[in-house]
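Read the structure below first, then the notes.
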There are 4 protein chains.
Amino acid sequence: MSQKLNAALLGASGYTGADLMRLGVRHPNIDFTVLTANTHAGKPVEEVFPHLGGVDLPQLQRADDINWSELDVVFCGLPHATSQQIVSEIVKSTDRPKIVDMSADFRLRDPAQYKAWYGNDHVDPQLQDIAAYGLTEHNRDAIRSKRIIACPGCYPTATLIALLPLAKASLINVEALIIDAKSGVTGAGRGLKQNTLAAEAGESLSPYAVGAHRHTAELEQEIGAVSGKEIKVNFTPHLIPMSRGELITAHLELESGKSVNDLRAVLESNYQDEPFVRVLSEGKMPSTGMVRGSNTCVINVFEDRIPGRAIVIAALDNLVKGSAGQALQNFNVAFGIEETTGLSQIPMFP
Amino acid sequence: MSQKLNAALLGASGYTGADLMRLGVRHPNIDFTVLTANTHAGKPVEEVFPHLGGVDLPQLQRADDINWSELDVVFCGLPHATSQQIVSEIVKSTDRPKIVDMSADFRLRDPAQYKAWYGNDHVDPQLQDIAAYGLTEHNRDAIRSKRIIACPGCYPTATLIALLPLAKASLINVEALIIDAKSGVTGAGRGLKQNTLAAEAGESLSPYAVGAHRHTAELEQEIGAVSGKEIKVNFTPHLIPMSRGELITAHLELESGKSVNDLRAVLESNYQDEPFVRVLSEGKMPSTGMVRGSNTCVINVFEDRIPGRAIVIAALDNLVKGSAGQALQNFNVAFGIEETTGLSQIPMFP
Amino acid sequence: MSQKLNAALLGASGYTGADLMRLGVRHPNIDFTVLTANTHAGKPVEEVFPHLGGVDLPQLQRADDINWSELDVVFCGLPHATSQQIVSEIVKSTDRPKIVDMSADFRLRDPAQYKAWYGNDHVDPQLQDIAAYGLTEHNRDAIRSKRIIACPGCYPTATLIALLPLAKASLINVEALIIDAKSGVTGAGRGLKQNTLAAEAGESLSPYAVGAHRHTAELEQEIGAVSGKEIKVNFTPHLIPMSRGELITAHLELESGKSVNDLRAVLESNYQDEPFVRVLSEGKMPSTGMVRGSNTCVINVFEDRIPGRAIVIAALDNLVKGSAGQALQNFNVAFGIEETTGLSQIPMFP
Amino acid sequence: MSQKLNAALLGASGYTGADLMRLGVRHPNIDFTVLTANTHAGKPVEEVFPHLGGVDLPQLQRADDINWSELDVVFCGLPHATSQQIVSEIVKSTDRPKIVDMSADFRLRDPAQYKAWYGNDHVDPQLQDIAAYGLTEHNRDAIRSKRIIACPGCYPTATLIALLPLAKASLINVEALIIDAKSGVTGAGRGLKQNTLAAEAGESLSPYAVGAHRHTAELEQEIGAVSGKEIKVNFTPHLIPMSRGELITAHLELESGKSVNDLRAVLESNYQDEPFVRVLSEGKMPSTGMVRGSNTCVINVFEDRIPGRAIVIAALDNLVKGSAGQALQNFNVAFGIEETTGLSQIPMFP
């Protein structure tokens, strides 16, 4: 495809918005015609993101007076609850743009679950009928056919890429999943909070939202779905003193008679043709430094000293494969564009 | 006690040596009369540690020509295998100094285990008869009476402080311990390695020695001992882009009928009078920033979403409570000095 | 002196307040009876600074209902403009407490200069008559005799320690001072700002307030005073991706016939008996890592390739010698306590 | 141009080598047929740079048995002194490949200067006749016509882009240049050194090579050349606790009657059509975070409080515009390829 599609980015002043612009302006099929950031409306992007100075992008505007029907795709980087309002409005007003949503608003199919985890009633729960859960490698058909693509959370992306094939193949006990997760500070967003000040987050390491992180709901939904069970997952995130990058360490109970080799075989066969998932060779350690700035997710499987158990580790860049990169990958799938288009950046190390 | 005791520090050019000097020169009962660092013999300490310039300390010397019988205590910050040779020599030559060893050489009581994990035969396995495992809060009697005090590894210190009381009280299944551990780069020592260069360790997060870290042996020995079982432990360490600090996240299976409240109660009663262990109030997150530079270990207990499980998290400064600070605490115990002497530094934040 | 003095700390929720508590609670002559933090009144200190959990400190309270006459000393860590209001009130209500102010409100003797740099009229300019500029090493007499001690800014502390002796000895051209300064992010305080978020300040380096930083006024006042000239100074600060530490690189024009050796000789003779200033031996590089957590300022002098010029570099911990540590040092001087009391912490490295 | 050119990279195991691969493998006209790294010969690139796993690159080999005449271009990322030997050998054996050298070996035209700064006699000084100093924006003709392109050092790239136009226009006193420079740790290379360990370089800031850094020679040569004077420059570098990025703060004496506005005007007119140099609008601060991972250099000019002076600040990514990126830009120029080819990466922030 050589055609340019009209794209809007809603919420251009956040970190995922920034990375979507970084990647999207070099995508041959994307023409950003609308960028919104309500409190910064009227400013050039450079005012909120100096690193984008000199890049050809439209001024920031309010979301109020967009003509949705002139757009082919709307990337939505708004906070949850806000996202659903505007998507509902778009869908009511026109059939044209597809919506690639990076918020949490369309990830949970059950409105009760949504309310339980996010606190508010969903304004338009029937939109779920036209929404796909955008874990690209596992849901391409829905991503192609649905109007709304709900990109998974950053943690669920890493975790589900690592565990869904194992759950589908009944290799692991999905009722005993322990996901010890670690993320850089961009995962906390650009909002002003004391615990993400450089003086506080730097040189320190702390767990947060233990047993209560909202991404748990996605894990339980998706792994529950493939295994046919209602499950509860131990998901324990930690804030790491670095900017980007996310790594999950999954401590797993093997199903009887299954081995680390079985896990490796299933992961390798699942992902051998995937451009953005790499199962490392035996003994190699995944690290966030290996994937910084790229759309790649790396995985490996390790023996546990405790018999009958295994450890699976996955790493990705939370702003790319964990958010803006996967959004573009889903955009490519949705519009029939070669899937790697615009996403071939090699990781930046050091 | 107001008397000054003659102290030697062997291995003064490493990070644990540096922190032992930082704390020890302000200890009212310690007079460092000997500091060794073989490759730097003849230099002032300032040459290897500029931050110690201006501090009143003797020149660095070789370990060869020390008159051991003039010393009251020998702090040993040498690498494993080297440590045992010199300790064996000291013990043969004189009855005088007690030895506070920060290496791994006297931590494992079973020589076969030592060899299995460290690769070499122990040169003097019968020294175990006069050695105490120096986890201060749990072994004061032995620390008082034995000649050699084998300070635990940094990870085992945090892990055992958190789990020993729970294992003793039979609250947790010790055959299913999952210890997801995280450490700053000082834990890797001062040796020159590519993966601890600032450009490589900075802004990246990586697991290492998965299923194979030597500290596992201490955990299995000590928790095995109190529970009367031969156990295997999942111990999974990660390298964190910060200098100091260590945090362990223990994912635990509760014994039947036991609850998070039981765990909290046992930890609180065990540690209520301990000056260096703090069980945080419900919901408060331990972090390494809370304990930086101090001898404190903080702990808390959390509900796991999976029924019948709990999460216990502990944090300490690996160079202080995890090494030099605990060494001084053990020195205090061994010589009948008030246990907090020289160790009352408040954590440095930010 | 073995007596305990009643101390208040106003503004206990900021970083300088935190470090004053860290150091002050171990000072044998300080008893913190009042801690204020208006928005956190009623909370234990631990709520705003978890690292101070377990430390014996009173609850935070509002500044409104303090009985000033029961206090011996008031440490003031409030923002500028607020500080002057409360100090004016204290002075009017009682003769008792001395005030050690860490804000900028009493540093500038000329109210017009104060207004020019800080924007507001000073509420009580005649308080200058009872205020000393608290650069300890250069102003002990005034610090002893005055009611208010205005601790210098962090940058001026480093710069003036390095340059005042050189200016007094007429070794350098004070009309051509170029001070290229660098500070960690704690220098920016605990307020919530986008540019000090870990994701933005980390892994980046940026100048700020070029030609316009308020600390310039102190430099011009103090160096102007000793040289009898009205001067303008190039002061160019940079934000460094680290928590604590400050380093100034002074590019100096030598007076005719003067040499680097003359500068070294004057600095050495000025500071040879000072406990907290260390002139390094020739060729040794000052670094912030050498002084982290301590009250020490390190200095050195270097040849410039350009004939007739020299480079002087000084480093200190902005929260200690640059703020809370110097405040305690001034407190010691003011109350006739041995000057190093409570300030003998050795730098923490790494 | 759509043709692929055969490229070798010598020294593929260093950081500049890594970034040349990162950028070069996505360059449409480059086909890496040879990668050398003597101590790692026989290994896949992934073994020395895990982030390049999955990228289509040849195995590492020794430099001994390369058939130079099959190559169109040789990128040389070897240490100085080594570089000149191999380039001399290439030039003697074949006319074919152009050489884009990222070492220091062909930067200094005067062999005496080379020896004075680098310590060894140059093995083949007459190669200077066929070498261009590869500061792209200022030397395109020579870069097009010469066989060897000597890419400038990272610091000189930033400094010369900022100052050459000002020196050419006689706006500044070139005999009074004060360049206060700051670099992340990748500038120190991948060699194992204690001061670049994460525990030592992290959370600390230190000047180094004050008055003695080798890049000074390039500054004196190039600025001297355009001004027709033999000059000495104050060049004072500092090591910053971050991975990539470099910023220079130039403290300048204006020629009589010249102003900051004159400087701005000259910089703007010089660079208005340059794709990789951006003069920021008035008051905007250059920062390394603005250019991370990109080939852009940002500059701005500021008033100095001292009359008759100005401050010019420039920032770039030392591994891109300061090394591998500029090498590719020079390659483009040398081979008549559109100059921005392969270099359009947008900076990565945060």
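Here, A, B, ... name the chains of the structure tokens in the order displayed, residue numbers run from 1 inside each chain, and ligands are numbered from 1 in the same displayed order.
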
Find the spatial neighbours of stretch 232-247 of chain D, counting only C-alpha atoms, within a cut-off of 7 Å - ignore same-chain residues fewer than 2 positions away - and output them as a PyMOL selection string. (chain A and resi 350) or (chain B and resi 199) or (chain C and resi 203-204+241-242+304-306) or (chain D and resi 175-186+201-211+216+220+249+288+292+314-318)

For stretch 83-91 of chain D, work out the shell of residues within 8 Å, counting only C-alpha atoms and skipping chain neighbours fewer than 3 positions away, then give it as number ranges by chain. D: 68, 76-80, 94-95, 99, 101, 103, 105-106, 122-124, 127

Could you turn the residues from that selection into a file that holds N, CA, C and O atoms, as a compact mmCIF listing (two decimals), in the first residue's frame?
# COMPACT_ATOMS: atom_id res chain seq x y z
N TRP D 68 39.91 -6.66 0.60
CA TRP D 68 39.49 -5.25 0.61
C TRP D 68 38.92 -4.80 -0.72
O TRP D 68 38.07 -3.90 -0.77
N CYS D 76 35.36 2.40 9.92
CA CYS D 76 36.39 1.96 10.84
C CYS D 76 36.10 2.47 12.25
O CYS D 76 36.13 3.67 12.51
N GLY D 77 35.78 1.54 13.13
CA GLY D 77 35.47 1.89 14.52
C GLY D 77 36.53 1.36 15.46
O GLY D 77 36.25 1.06 16.62
N LEU D 78 37.75 1.27 14.96
CA LEU D 78 38.86 0.75 15.77
C LEU D 78 39.44 1.85 16.66
O LEU D 78 39.23 3.04 16.42
N PRO D 79 40.20 1.46 17.68
CA PRO D 79 40.88 2.46 18.51
C PRO D 79 41.93 3.20 17.67
O PRO D 79 42.42 2.68 16.66
N HIS D 80 42.28 4.41 18.10
CA HIS D 80 43.34 5.13 17.39
C HIS D 80 44.62 4.29 17.46
O HIS D 80 44.74 3.38 18.27
N THR D 94 44.55 -1.68 -2.50
CA THR D 94 43.48 -1.54 -3.49
C THR D 94 43.01 -0.09 -3.60
O THR D 94 43.15 0.68 -2.65
N ASP D 95 42.45 0.25 -4.74
CA ASP D 95 41.88 1.60 -4.93
C ASP D 95 40.40 1.66 -4.57
O ASP D 95 39.80 2.73 -4.61
N ILE D 99 37.13 5.01 2.82
CA ILE D 99 37.24 4.70 4.24
C ILE D 99 36.59 5.82 5.07
O ILE D 99 36.95 6.99 4.92
N ASP D 101 36.41 6.79 8.69
CA ASP D 101 37.08 6.43 9.94
C ASP D 101 36.49 7.20 11.11
O ASP D 101 36.39 8.42 11.09
N SER D 103 37.79 6.81 14.19
CA SER D 103 38.85 6.98 15.18
C SER D 103 39.48 8.36 15.04
O SER D 103 39.08 9.17 14.21
N ASP D 105 42.59 8.90 14.12
CA ASP D 105 43.87 8.79 13.43
C ASP D 105 44.08 9.72 12.25
O ASP D 105 45.23 9.94 11.82
N PHE D 106 43.03 10.25 11.68
CA PHE D 106 43.21 11.13 10.52
C PHE D 106 42.60 12.51 10.74
O PHE D 106 42.40 13.27 9.79
N HIS D 122 52.71 8.71 13.86
CA HIS D 122 51.71 8.21 12.92
C HIS D 122 52.43 7.31 11.92
O HIS D 122 53.49 7.65 11.40
N VAL D 123 51.85 6.14 11.63
CA VAL D 123 52.56 5.18 10.77
C VAL D 123 52.56 5.61 9.31
O VAL D 123 53.40 5.17 8.53
N ASP D 124 51.65 6.45 8.92
CA ASP D 124 51.56 6.78 7.50
C ASP D 124 51.04 8.21 7.35
O ASP D 124 49.92 8.45 6.86
N LEU D 127 49.05 9.87 4.39
CA LEU D 127 47.62 9.60 4.14
C LEU D 127 46.78 10.85 4.36
O LEU D 127 45.65 10.96 3.85

Give me, please, the distance in Å between atom CA of B:Asp19 and atom CA of C:Thr16, quoted to one decimal.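 Going from atom CA of B:Asp19 over to atom CA of C:Thr16, I get 24.7 Å.
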
Within 7 Å of chain B: residues of chain C, using only C-alpha atoms, as JSON, numbers by chain: {"C": [22, 50, 51, 243, 290, 291, 346, 347, 349, 350]}

Would you mind exporting the chosen residues as a CSV table (one decimal), in the first residue's frame, restricted to C-alpha atoms?
chain,number,residue,atom,x,y,z
C,22,ARG,CA,18.1,12.9,59.2
C,50,PRO,CA,8.8,6.7,54.9
C,51,HIS,CA,12.5,6.5,55.4
C,243,SER,CA,19.6,12.8,42.9
C,290,MET,CA,33.2,11.9,47.0
C,291,VAL,CA,31.0,13.9,49.2
C,346,ILE,CA,31.6,9.9,56.2
C,347,PRO,CA,30.4,10.2,52.5
C,349,PHE,CA,30.1,5.7,48.2
C,350,PRO,CA,29.1,4.0,46.1

Within stretch 114-186 of chain C, find each residue whose DSSP state, derived from the backbone, is helix (DSSP H, G or I), and express the selection as number ranges by chain. C: 114-118, 125-130, 136-138, 140-145, 154-168, 174-176, 185-186

Write out as an MDAnalysis selection string the residues lying within 7 Å of stretch 29-44 of chain D, counting only C-alpha atoms and excluding same-chain residues fewer than 2 positions away. chainID D and resid 2:13 24:25 27 46:47 57:63

Please produce a file of those selected residues containing N, CA and C atoms, as a CSV table (one decimal), in the first residue's frame.
chain,number,residue,atom,x,y,z
D,2,SER,N,19.6,3.3,-5.7
D,2,SER,CA,18.9,2.1,-5.1
D,2,SER,C,19.8,1.0,-4.9
D,3,GLN,N,21.1,1.2,-5.4
D,3,GLN,CA,22.1,0.1,-5.4
D,3,GLN,C,22.5,-0.1,-3.9
D,4,LYS,N,22.9,-1.4,-3.7
D,4,LYS,CA,23.5,-1.7,-2.4
D,4,LYS,C,25.0,-1.7,-2.5
D,5,LEU,N,25.7,-1.1,-1.6
D,5,LEU,CA,27.1,-1.0,-1.6
D,5,LEU,C,27.7,-2.0,-0.6
D,6,ASN,N,28.8,-2.6,-0.9
D,6,ASN,CA,29.4,-3.6,0.0
D,6,ASN,C,30.1,-2.8,1.1
D,7,ALA,N,29.8,-3.1,2.4
D,7,ALA,CA,30.4,-2.3,3.5
D,7,ALA,C,31.0,-3.3,4.5
D,8,ALA,N,32.1,-2.8,5.0
D,8,ALA,CA,32.7,-3.5,6.1
D,8,ALA,C,32.7,-2.6,7.3
D,9,LEU,N,32.5,-3.2,8.5
D,9,LEU,CA,32.7,-2.4,9.7
D,9,LEU,C,33.8,-3.1,10.5
D,10,LEU,N,34.8,-2.3,10.7
D,10,LEU,CA,35.9,-2.8,11.5
D,10,LEU,C,35.8,-2.3,13.0
D,11,GLY,N,35.8,-3.3,13.9
D,11,GLY,CA,35.6,-2.9,15.3
D,11,GLY,C,34.1,-2.9,15.6
D,12,ALA,N,33.5,-4.0,15.4
D,12,ALA,CA,32.0,-4.1,15.6
D,12,ALA,C,31.6,-4.4,17.0
D,13,SER,N,32.5,-4.5,17.9
D,13,SER,CA,32.2,-4.9,19.3
D,13,SER,C,32.1,-3.7,20.2
D,24,GLY,N,22.9,1.4,10.2
D,24,GLY,CA,23.4,1.0,8.9
D,24,GLY,C,22.5,-0.2,8.3
D,25,VAL,N,22.1,-1.1,9.1
D,25,VAL,CA,21.3,-2.2,8.6
D,25,VAL,C,20.0,-1.7,8.0
D,27,HIS,N,19.8,1.2,6.4
D,27,HIS,CA,20.1,2.1,5.3
D,27,HIS,C,19.9,1.3,4.0
D,46,GLU,N,25.2,-11.2,17.8
D,46,GLU,CA,24.3,-11.3,19.0
D,46,GLU,C,25.0,-11.7,20.3
D,47,GLU,N,26.2,-12.4,20.1
D,47,GLU,CA,26.9,-12.7,21.3
D,47,GLU,C,27.5,-11.5,22.0
D,57,LEU,N,22.8,-10.1,9.9
D,57,LEU,CA,24.2,-9.6,9.9
D,57,LEU,C,25.2,-10.8,9.8
D,58,PRO,N,26.3,-10.6,9.1
D,58,PRO,CA,27.3,-11.7,9.0
D,58,PRO,C,27.9,-11.9,10.4
D,59,GLN,N,28.6,-13.1,10.5
D,59,GLN,CA,29.4,-13.4,11.7
D,59,GLN,C,30.5,-12.4,11.8
D,60,LEU,N,31.0,-12.2,13.1
D,60,LEU,CA,32.2,-11.5,13.3
D,60,LEU,C,33.4,-12.3,12.8
D,61,GLN,N,34.4,-11.5,12.3
D,61,GLN,CA,35.6,-12.2,11.8
D,61,GLN,C,36.8,-11.4,12.2
D,62,ARG,N,38.0,-12.0,12.0
D,62,ARG,CA,39.2,-11.2,12.2
D,62,ARG,C,39.4,-10.3,10.9
D,63,ALA,N,40.2,-9.2,11.2
D,63,ALA,CA,40.4,-8.3,10.1
D,63,ALA,C,41.5,-8.8,9.1

List the neighbours of B:Glu268 out to 8 Å using only C-alpha atoms; skip same-chain residues closer than 4 positions along the sequence, and give me the result as a list in words. Arg264, Gln272 and Val279 of chain B

Write the selection just made, keeping C-alpha atoms, as a CSV table (one decimal), in the first residue's frame?
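again11.csv was written with the following content:
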chain,number,residue,atom,x,y,z
B,264,ARG,CA,1.7,-10.5,60.2
B,272,GLN,CA,8.8,-5.8,67.9
B,279,VAL,CA,7.4,-4.6,60.0

So the first atom is atom CA of D:Ala104 and the second is atom CA of D:Val226; what is the distance between them in Å, to one decimal place?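 We find that atom CA of D:Ala104 and atom CA of D:Val226 lie 20.5 Å from each other.
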
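Atom CA of A:Glu200 is positioned 24.8 Å from atom CA of A:Gly153.
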
Tell me, as an MDAnalysis selection string, which residues lie within 12 Å of D:Ala225, counting only C-alpha atoms; anything in the same chain fewer than 3 positions away does not count. chainID D and resid 108:109 160 164 167:168 174 217:222 228:231

Shell of 6 Å around C:Leu252, only C-alpha atoms, local chain residues under 6 positions omitted, as a list of chain:residue names: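 What passes the distance filter is C:Leu177, C:Arg309, C:Ala310, C:Ile311.
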
Identify all residues of stretch 24-214 of chain D in strand (DSSP E or B) (DSSP on the backbone) and supply them as a VMD selection string. chain D and resid 30 to 36 60 to 61 73 to 76 98 to 101 131 to 133 148 to 150 172 178 to 183 197 206 to 207
